[in-house]
$ cat run38.cif   # mmCIF, C-alpha atoms (C1' of nucleotides)
data_query
#
loop_
_atom_site.label_atom_id
_atom_site.label_comp_id
_atom_site.auth_asym_id
_atom_site.auth_seq_id
_atom_site.Cartn_x
_atom_site.Cartn_y
_atom_site.Cartn_z
CA MET A 1 128.45 100.17 98.35
CA LEU A 2 126.37 102.97 96.94
CA PRO A 3 124.53 105.17 99.38
CA THR A 4 120.97 104.00 99.55
CA ALA A 5 117.81 105.50 101.01
CA SER A 6 116.77 104.17 104.38
CA PRO A 7 114.56 101.13 104.03
CA VAL A 8 110.81 101.56 104.19
CA PRO A 9 109.54 100.39 107.57
CA GLN A 10 107.27 97.38 107.20
CA GLY A 11 104.26 96.10 109.04
CA ARG A 12 102.86 99.45 110.11
CA THR A 13 99.23 100.48 109.90
CA LEU A 14 97.65 103.85 110.50
CA PRO A 15 94.05 103.92 111.72
CA LEU A 16 92.45 106.63 109.58
CA ALA A 17 89.31 105.06 108.14
CA ASP A 18 86.93 105.82 111.00
CA TRP A 19 88.28 109.33 111.40
CA TYR A 20 87.89 109.96 107.68
CA ARG A 21 84.33 108.69 107.50
CA ALA A 22 83.40 110.99 110.39
CA ASN A 23 85.39 114.06 109.35
CA ALA A 24 85.84 114.15 105.58
CA ARG A 25 84.90 117.45 104.01
CA ASP A 26 82.01 117.43 101.59
CA LEU A 27 84.00 118.28 98.47
CA PRO A 28 82.37 118.33 95.02
CA TRP A 29 84.53 115.56 93.58
CA ARG A 30 83.64 113.29 96.50
CA ARG A 31 79.91 113.32 95.77
CA ALA A 32 78.25 110.35 94.12
CA ALA A 33 76.30 112.66 91.83
CA PHE A 34 79.55 114.16 90.58
CA HIS A 35 80.87 110.74 89.59
CA GLU A 36 77.57 109.76 87.98
CA GLN A 37 77.54 112.94 85.94
CA PHE A 38 81.17 113.38 84.94
CA GLY A 39 82.89 110.11 85.75
CA ALA A 40 86.66 109.85 85.49
CA TRP A 41 86.77 112.97 83.33
CA GLY A 42 85.40 115.00 86.23
CA VAL A 43 88.04 113.56 88.53
CA LEU A 44 90.77 114.22 85.99
CA VAL A 45 89.73 117.85 85.51
CA SER A 46 89.54 118.45 89.25
CA GLU A 47 92.99 116.94 89.76
CA PHE A 48 94.50 119.17 87.07
CA MET A 49 93.03 122.23 88.74
CA LEU A 50 94.24 121.05 92.14
CA GLN A 51 97.88 120.82 91.06
CA GLN A 52 99.46 123.48 93.28
CA THR A 53 96.17 125.34 93.66
CA GLN A 54 94.13 125.36 96.86
CA VAL A 55 90.90 123.43 97.18
CA SER A 56 89.06 126.61 98.09
CA ARG A 57 90.04 128.25 94.81
CA VAL A 58 89.17 125.24 92.67
CA ILE A 59 85.70 124.56 94.04
CA PRO A 60 84.00 127.66 92.60
CA ARG A 61 85.62 127.09 89.19
CA LEU A 62 85.07 123.41 88.53
CA ASP A 63 81.36 123.46 87.67
CA ALA A 64 81.57 125.99 84.87
CA TRP A 65 84.37 123.99 83.26
CA LEU A 66 82.51 120.70 83.33
CA GLU A 67 79.26 122.27 82.21
CA ARG A 68 81.04 123.70 79.20
CA TRP A 69 83.12 120.60 78.46
CA PRO A 70 81.40 117.59 80.06
CA THR A 71 83.54 115.02 78.22
CA PRO A 72 87.07 114.67 76.83
CA THR A 73 85.57 114.77 73.35
CA ALA A 74 83.93 118.11 74.02
CA MET A 75 87.16 119.50 75.45
CA ALA A 76 89.21 118.19 72.54
CA ALA A 77 87.02 120.14 70.13
CA ALA A 78 87.78 123.44 71.84
CA THR A 79 90.63 125.76 70.84
CA PRO A 80 93.59 126.39 73.13
CA ALA A 81 92.46 130.04 73.32
CA GLU A 82 89.08 129.03 74.71
CA VAL A 83 90.72 126.77 77.23
CA VAL A 84 93.24 129.33 78.46
CA GLN A 85 90.45 131.90 78.64
CA GLN A 86 88.26 129.63 80.73
CA TRP A 87 91.20 128.79 82.97
CA ALA A 88 91.41 132.51 83.74
CA ASN A 89 93.30 133.21 86.96
CA LEU A 90 93.70 129.68 88.31
CA GLY A 91 97.45 130.01 87.89
CA TYR A 92 100.06 127.99 86.02
CA PRO A 93 98.15 128.33 82.72
CA ARG A 94 100.26 125.61 81.11
CA ARG A 95 98.00 123.24 83.01
CA ALA A 96 95.08 124.43 80.89
CA LEU A 97 97.04 123.69 77.76
CA TRP A 98 98.10 120.28 79.04
CA LEU A 99 94.57 119.42 80.10
CA HIS A 100 93.43 120.23 76.60
CA ARG A 101 96.21 118.11 75.12
CA ALA A 102 95.35 115.28 77.46
CA ALA A 103 91.75 115.43 76.26
CA VAL A 104 92.91 115.20 72.66
CA GLU A 105 95.13 112.26 73.56
CA VAL A 106 92.25 110.53 75.36
CA VAL A 107 90.16 110.87 72.22
CA GLU A 108 92.95 109.70 69.92
CA ARG A 109 94.33 106.86 72.01
CA HIS A 110 91.41 105.73 74.12
CA GLY A 111 88.27 106.46 72.13
CA GLY A 112 87.32 109.36 74.36
CA VAL A 113 87.36 107.30 77.56
CA VAL A 114 89.74 108.36 80.33
CA PRO A 115 92.03 105.36 80.81
CA ARG A 116 92.03 103.41 84.05
CA ASP A 117 95.54 102.11 83.90
CA VAL A 118 98.30 104.10 85.64
CA GLU A 119 100.74 103.56 82.75
CA ALA A 120 98.27 104.91 80.20
CA LEU A 121 97.42 107.85 82.46
CA LEU A 122 101.11 108.66 82.97
CA ALA A 123 101.53 108.86 79.21
CA LEU A 124 99.02 111.73 78.98
CA SER A 125 100.17 115.37 78.95
CA GLY A 126 100.38 117.07 82.32
CA ILE A 127 99.83 113.87 84.27
CA GLY A 128 102.52 112.70 86.67
CA ASP A 129 102.83 110.26 89.56
CA TYR A 130 100.22 111.96 91.69
CA THR A 131 97.50 112.68 89.13
CA ALA A 132 97.77 109.30 87.38
CA ARG A 133 97.20 107.39 90.60
CA ALA A 134 94.59 109.82 91.88
CA VAL A 135 92.47 109.21 88.78
CA SER A 136 92.96 105.44 88.90
CA VAL A 137 92.09 105.32 92.60
CA PHE A 138 89.41 107.97 93.04
CA ALA A 139 87.65 107.51 89.72
CA TYR A 140 88.03 103.76 89.19
CA GLY A 141 88.67 102.43 92.69
CA ASP A 142 91.93 100.67 91.91
CA ARG A 143 94.60 100.06 94.53
CA HIS A 144 97.63 102.35 94.23
CA PRO A 145 99.54 104.67 96.54
CA VAL A 146 98.41 108.27 95.99
CA VAL A 147 101.00 110.64 97.38
CA ASP A 148 100.58 114.39 97.43
CA THR A 149 102.13 117.08 99.58
CA ASN A 150 99.65 116.43 102.40
CA THR A 151 100.32 112.72 102.46
CA ARG A 152 104.07 113.31 102.40
CA ARG A 153 103.80 115.51 105.47
CA VAL A 154 101.59 113.04 107.35
CA LEU A 155 103.96 110.16 106.65
CA ALA A 156 107.01 112.24 107.48
CA ARG A 157 105.59 112.97 110.90
CA ALA A 158 103.59 109.91 111.87
CA VAL A 159 106.00 107.32 110.46
CA GLU A 160 109.40 108.98 110.16
CA GLY A 161 109.25 111.33 113.11
CA ARG A 162 110.21 114.34 111.01
CA SER A 163 108.64 117.79 111.12
CA HIS A 164 109.00 118.16 107.35
CA PRO A 165 109.11 115.65 104.52
CA ALA A 166 112.36 114.81 102.78
CA SER A 167 112.50 115.90 99.15
CA PRO A 168 109.94 113.97 97.07
CA SER A 169 111.13 110.61 95.74
CA ARG A 170 110.03 107.15 94.68
CA ARG A 171 110.47 106.12 98.26
CA ASP A 172 107.27 108.04 99.09
CA LEU A 173 105.31 105.70 96.85
CA LEU A 174 106.91 102.64 98.42
CA LEU A 175 106.18 103.87 101.91
CA MET A 176 102.56 104.64 101.11
CA GLU A 177 102.24 101.30 99.34
CA SER A 178 103.45 99.54 102.48
CA LEU A 179 100.68 101.19 104.48
CA LEU A 180 97.77 100.46 102.14
CA PRO A 181 95.03 98.13 103.36
CA SER A 182 94.68 95.01 101.25
CA SER A 183 91.28 95.72 99.74
CA ASP A 184 90.77 98.17 96.88
CA ALA A 185 87.97 100.03 98.62
CA GLU A 186 89.78 100.38 101.94
CA SER A 187 92.99 101.51 100.25
CA ALA A 188 91.09 104.20 98.34
CA VAL A 189 89.70 105.47 101.64
CA PHE A 190 93.16 105.35 103.19
CA ASN A 191 94.64 107.40 100.35
CA ALA A 192 91.93 110.02 100.68
CA ALA A 193 92.20 109.98 104.47
CA ALA A 194 95.94 110.65 104.51
CA MET A 195 95.47 113.64 102.22
CA GLU A 196 92.53 114.87 104.26
CA LEU A 197 94.42 114.60 107.53
CA GLY A 198 97.32 116.57 106.11
CA ALA A 199 94.99 119.21 104.70
CA THR A 200 92.89 119.76 107.81
CA VAL A 201 94.75 118.52 110.92
CA CYS A 202 98.38 117.68 110.23
CA THR A 203 98.92 121.00 108.49
CA ALA A 204 102.23 122.61 107.55
CA ARG A 205 101.95 125.64 109.83
CA SER A 206 100.30 124.74 113.10
CA PRO A 207 99.22 121.11 113.25
CA GLN A 208 96.33 120.35 115.58
CA CYS A 209 97.86 117.34 117.26
CA GLU A 210 95.28 117.53 120.08
CA ILE A 211 92.53 116.32 117.77
CA CYS A 212 94.64 114.04 115.58
CA PRO A 213 93.50 110.42 115.27
CA LEU A 214 97.17 109.40 115.07
CA LEU A 215 98.23 111.24 118.23
CA GLY A 216 98.86 108.03 120.12
CA GLU A 217 101.14 106.52 117.49
CA CYS A 218 102.77 109.50 115.86
CA ALA A 219 106.56 109.14 115.78
CA TRP A 220 107.02 112.91 115.62
CA VAL A 221 104.84 113.55 118.67
CA ALA A 222 106.57 110.71 120.52
CA ASP A 223 109.89 112.47 119.90
CA GLY A 224 108.56 115.74 121.24
CA ARG A 225 107.83 117.32 117.86
CA PRO A 226 111.46 118.20 117.02
CA ASP A 227 112.25 120.59 114.17
CA THR A 228 114.09 118.27 111.83
CA GLY A 229 114.59 120.91 109.15
CA ASP A 230 112.95 121.51 105.82
CA ALA A 231 114.65 119.85 102.85
CA ARG A 232 112.66 121.83 100.31
CA ARG A 233 114.08 124.87 98.55
CA ARG A 234 112.44 128.15 99.25
CA GLN A 235 110.12 129.34 96.54
CA ALA A 236 111.74 132.02 94.38
CA ALA A 237 110.54 135.57 94.90
CA PHE A 238 107.51 136.40 92.77
CA GLU A 239 107.82 140.18 92.81
CA GLY A 240 109.95 141.22 89.86
CA SER A 241 110.08 137.69 88.45
CA ASP A 242 109.52 136.41 84.93
CA ARG A 243 106.51 134.56 86.26
CA GLN A 244 104.98 137.84 87.29
CA ALA A 245 105.67 139.28 83.83
CA ARG A 246 104.19 136.25 82.09
CA GLY A 247 101.13 136.48 84.28
CA ALA A 248 100.70 140.14 83.41
CA VAL A 249 101.04 139.48 79.68
CA LEU A 250 98.51 136.68 79.78
CA ARG A 251 96.11 138.85 81.73
CA VAL A 252 96.25 141.35 78.89
CA LEU A 253 95.63 138.64 76.30
CA ARG A 254 92.70 137.21 78.23
CA GLY A 255 91.19 140.68 78.36
CA ALA A 256 91.64 141.14 74.62
CA GLY A 257 89.36 139.77 71.95
CA GLU A 258 90.10 136.93 69.56
CA ASP A 259 92.26 139.18 67.42
CA GLY A 260 94.54 139.98 70.32
CA VAL A 261 96.33 143.28 70.75
CA ALA A 262 99.07 145.18 68.96
CA LEU A 263 102.45 144.05 70.24
CA GLU A 264 103.56 147.54 71.25
CA THR A 265 100.52 147.92 73.49
CA VAL A 266 101.43 144.92 75.63
CA LEU A 267 102.61 146.25 79.00
CA PRO A 268 104.22 149.39 77.52
CA ASP A 269 105.14 150.60 81.01
CA TRP A 270 106.59 147.38 82.37
CA PRO A 271 109.63 148.32 84.52
CA ASP A 272 111.93 145.99 82.59
CA PRO A 273 111.22 145.93 78.82
CA VAL A 274 113.76 143.16 78.29
CA GLN A 275 111.94 141.02 80.82
CA ARG A 276 108.61 141.81 79.17
CA ASP A 277 109.90 140.69 75.79
CA ARG A 278 111.38 137.58 77.34
CA ALA A 279 108.02 136.82 78.92
CA ILE A 280 106.24 137.20 75.60
CA ASP A 281 108.76 134.97 73.83
CA SER A 282 108.52 132.27 76.48
CA LEU A 283 104.73 132.35 76.36
CA ILE A 284 104.89 131.87 72.60
CA ALA A 285 107.38 129.05 73.05
CA ASP A 286 105.03 127.42 75.55
CA GLY A 287 102.10 127.70 73.17
CA LEU A 288 100.28 130.07 75.49
CA ALA A 289 100.46 133.00 73.09
CA GLU A 290 100.62 133.53 69.36
CA ALA A 291 102.19 136.34 67.37
CA ALA A 292 100.94 137.38 63.93
CA GLU A 293 101.36 140.57 61.92
CA GLY A 294 102.51 142.68 64.82
CA SER A 295 99.78 141.48 67.12
CA LEU A 296 99.72 139.10 70.05
CA SER A 297 96.83 136.85 71.02
CA LEU A 298 95.89 133.68 72.82
CA PRO A 299 96.78 130.55 70.79
CA ARG A 300 94.18 129.59 68.18
"C1'" DA B 1 118.05 117.02 88.61
"C1'" DA B 2 117.60 121.63 90.03
"C1'" DA B 3 114.98 125.32 88.20
"C1'" DT B 4 110.86 126.96 86.47
"C1'" DC B 5 106.10 127.84 86.21
"C1'" DG B 6 100.71 131.91 88.70
"C1'" DT B 7 97.75 133.31 91.88
"C1'" DG B 8 95.80 134.44 96.10
"C1'" DG B 9 94.37 133.05 100.88
"C1'" DA B 10 96.06 132.49 105.49
"C1'" DG B 11 98.78 133.45 109.54
"C1'" DT C 1 102.79 144.20 105.79
"C1'" DC C 2 105.08 140.29 104.45
"C1'" DT C 3 106.17 135.48 104.26
"C1'" DC C 4 104.62 131.08 103.36
"C1'" DC C 5 102.82 127.73 100.45
"C1'" DA C 6 99.12 125.19 98.11
"C1'" DA C 7 95.57 117.56 95.85
"C1'" DG C 8 102.61 118.86 90.87
"C1'" DA C 9 104.66 118.35 86.27
"C1'" DT C 10 108.09 119.23 83.04
"C1'" DT C 11 112.58 120.03 81.13
#
$ encode --input "run38.cif" --output "structure tokens"
Amino acid sequence: MLPTASPVPQGRTLPLADWYRANARDLPWRRAAFHEQFGAWGVLVSEFMLQQTQVSRVIPRLDAWLERWPTPTAMAAATPAEVVQQWANLGYPRRALWLHRAAVEVVERHGGVVPRDVEALLALSGIGDYTARAVSVFAYGDRHPVVDTNTRRVLARAVEGRSHPASPSRRDLLLMESLLPSSDAESAVFNAAAMELGATVCTARSPQCEICPLLGECAWVADGRPDTGDARRRQAAFEGSDRQARGAVLRVLRGAGEDGVALETVLPDWPDPVQRDRAIDSLIADGLAEAAEGSLSLPR
DNA sequence: AAATCGTGGAG
DNA sequence: TCTCCAAGATT
């Protein structure tokens, strides 16, 4: 018999709704006015920005984006250069490109309306398991398991009795699914509440178990908060990495005008010229940069 | 499917 | 100072 993941425990519930209603942060994308003004597009944009980027860094940058491009149609009419420029230092600039592509796809496939269906959302550029369900749930109120890094940690501790989540898998979705309340509205709250708890109480570093609404039924606390080990790989060093070089090149291109800069003036003093050239080539391959007549610029 | 992809705040 | 890691997705 093939090795199979441990079965998802059934019949559990986690009381988070009351805690969430009393403690949820007042985030821009949770306001009614935000949804009235920008709808699912606003949610989609915020979720793109939130992929591996902290809430605190996204908040001050979301407004300007949505003011400039209030709809998928508006975004689709922009150039990649404009989009990468506006993205600025949010990190992982491919997300800007993918967001732009997704906007184009929304216009082409869905008449400019962000789709509601998880399958259709998954088919858009830059949208994976998390973002697809987040849009369907938080923008449209449908019932799906939304699992991010915060939720994974909460479930690992409260349900599995582990200090750290196992490596991400489909099982996470099944486990979250098994915990969802039956109604659409309550399950949306539960999804948001699990993320919120992980972000503010059940944190990675020093969880505040004293104030946790799940203290009484947390499997990890019941076991004495054992260190069960972290399955995740350590993040590769940034200093001296290609990522650092790519970031530096893009910073130059963002600072340049539409015409870009002469190739030989791009990071002339970079410690490793081979790495610099590799960074430039990979940026071009990714569509984040464009070379023409000895000059380098953001993609037109 | 393991590796890759930015940036900066927090501890 | 330095390490960790953050509302992930793609290849």
$ closest_residue --input "run38.cif" --among "A:Val147, A:Leu179, A:Val114, A:Ala166" --to "C:DA7" --atoms "all atoms listed in the file"
A:Val147
$ atom_distance --input "run38.cif" --atom1 "atom CA of A:Thr71" --atom2 "atom CA of A:Ala289"
25.2 Å
$ resolve_selection --input "run38.cif" --expression "the PyMOL selection byres ((chain B) within 7 of (chain A))" --output "list in words"
DC5, DG6 and DT7 of chain B
$ resolve_selection --input "run38.cif" --expression "the PyMOL selection byres ((chain A) within 10 of (chain C))" --output "number ranges by chain"
A: 46-55, 94-95, 98, 125-131, 134, 146-151, 192, 195-196, 199, 204-205, 234-235
$ closest_residue --input "run38.cif" --among "A:Val58, A:Ile211, A:Ala17, A:Ala132" --to "B:DG8" --atoms "all atoms listed in the file"
A:Val58
$ atom_distance --input "run38.cif" --atom1 "atom CA of A:Ala139" --atom2 "atom CA of A:Leu175"
22.5 Å
$ residues_around --input "run38.cif" --residues "A:Gly294" --least-positions-apart "4" --cutoff "10 Å" --atoms "all atoms listed in the file" --output "PDB file with C-alpha atoms, in the coordinates of the input"
ATOM      1  CA  VAL A 261      96.330 143.280  70.750  1.00  0.00           C
ATOM      2  CA  ALA A 262      99.070 145.180  68.960  1.00  0.00           C
ATOM      3  CA  LEU A 263     102.450 144.050  70.240  1.00  0.00           C
ATOM      4  CA  GLU A 264     103.560 147.540  71.250  1.00  0.00           C
TER       5      GLU A 264
END
$ atom_distance --input "run38.cif" --atom1 "atom CA of A:Phe190" --atom2 "atom CA of A:Glu177"
10.7 Å
$ closest_residue --input "run38.cif" --among "A:Pro72, A:Gly287, A:Gly11, A:Gly42" --to "A:His110" --atoms "all atoms listed in the file"
A:Pro72
$ closest_residue --input "run38.cif" --among "A:Ala78, A:Gly198, A:Leu121, A:Pro299" --to "A:Val104" --atoms "all atoms listed in the file"
A:Ala78
$ decode --input "run38.cif" --residues "chain B" --atoms "C-alpha atoms (C1' of nucleotides)" --output "mmCIF file, in the first residue's frame"
data_model
loop_
_atom_site.group_PDB
_atom_site.id
_atom_site.type_symbol
_atom_site.label_atom_id
_atom_site.label_comp_id
_atom_site.auth_asym_id
_atom_site.auth_seq_id
_atom_site.Cartn_x
_atom_site.Cartn_y
_atom_site.Cartn_z
ATOM 1 C "C1'" DA B 1 8.828 18.970 -7.027
ATOM 2 C "C1'" DA B 2 12.521 21.532 -5.220
ATOM 3 C "C1'" DA B 3 14.279 25.925 -6.408
ATOM 4 C "C1'" DT B 4 13.496 30.497 -7.468
ATOM 5 C "C1'" DC B 5 11.741 34.999 -7.052
ATOM 6 C "C1'" DG B 6 12.381 41.274 -3.584
ATOM 7 C "C1'" DT B 7 12.030 44.026 0.047
ATOM 8 C "C1'" DG B 8 11.977 45.624 4.552
ATOM 9 C "C1'" DG B 9 10.065 45.386 9.358
ATOM 10 C "C1'" DA B 10 10.493 42.990 13.659
ATOM 11 C "C1'" DG B 11 12.753 40.596 17.387
#
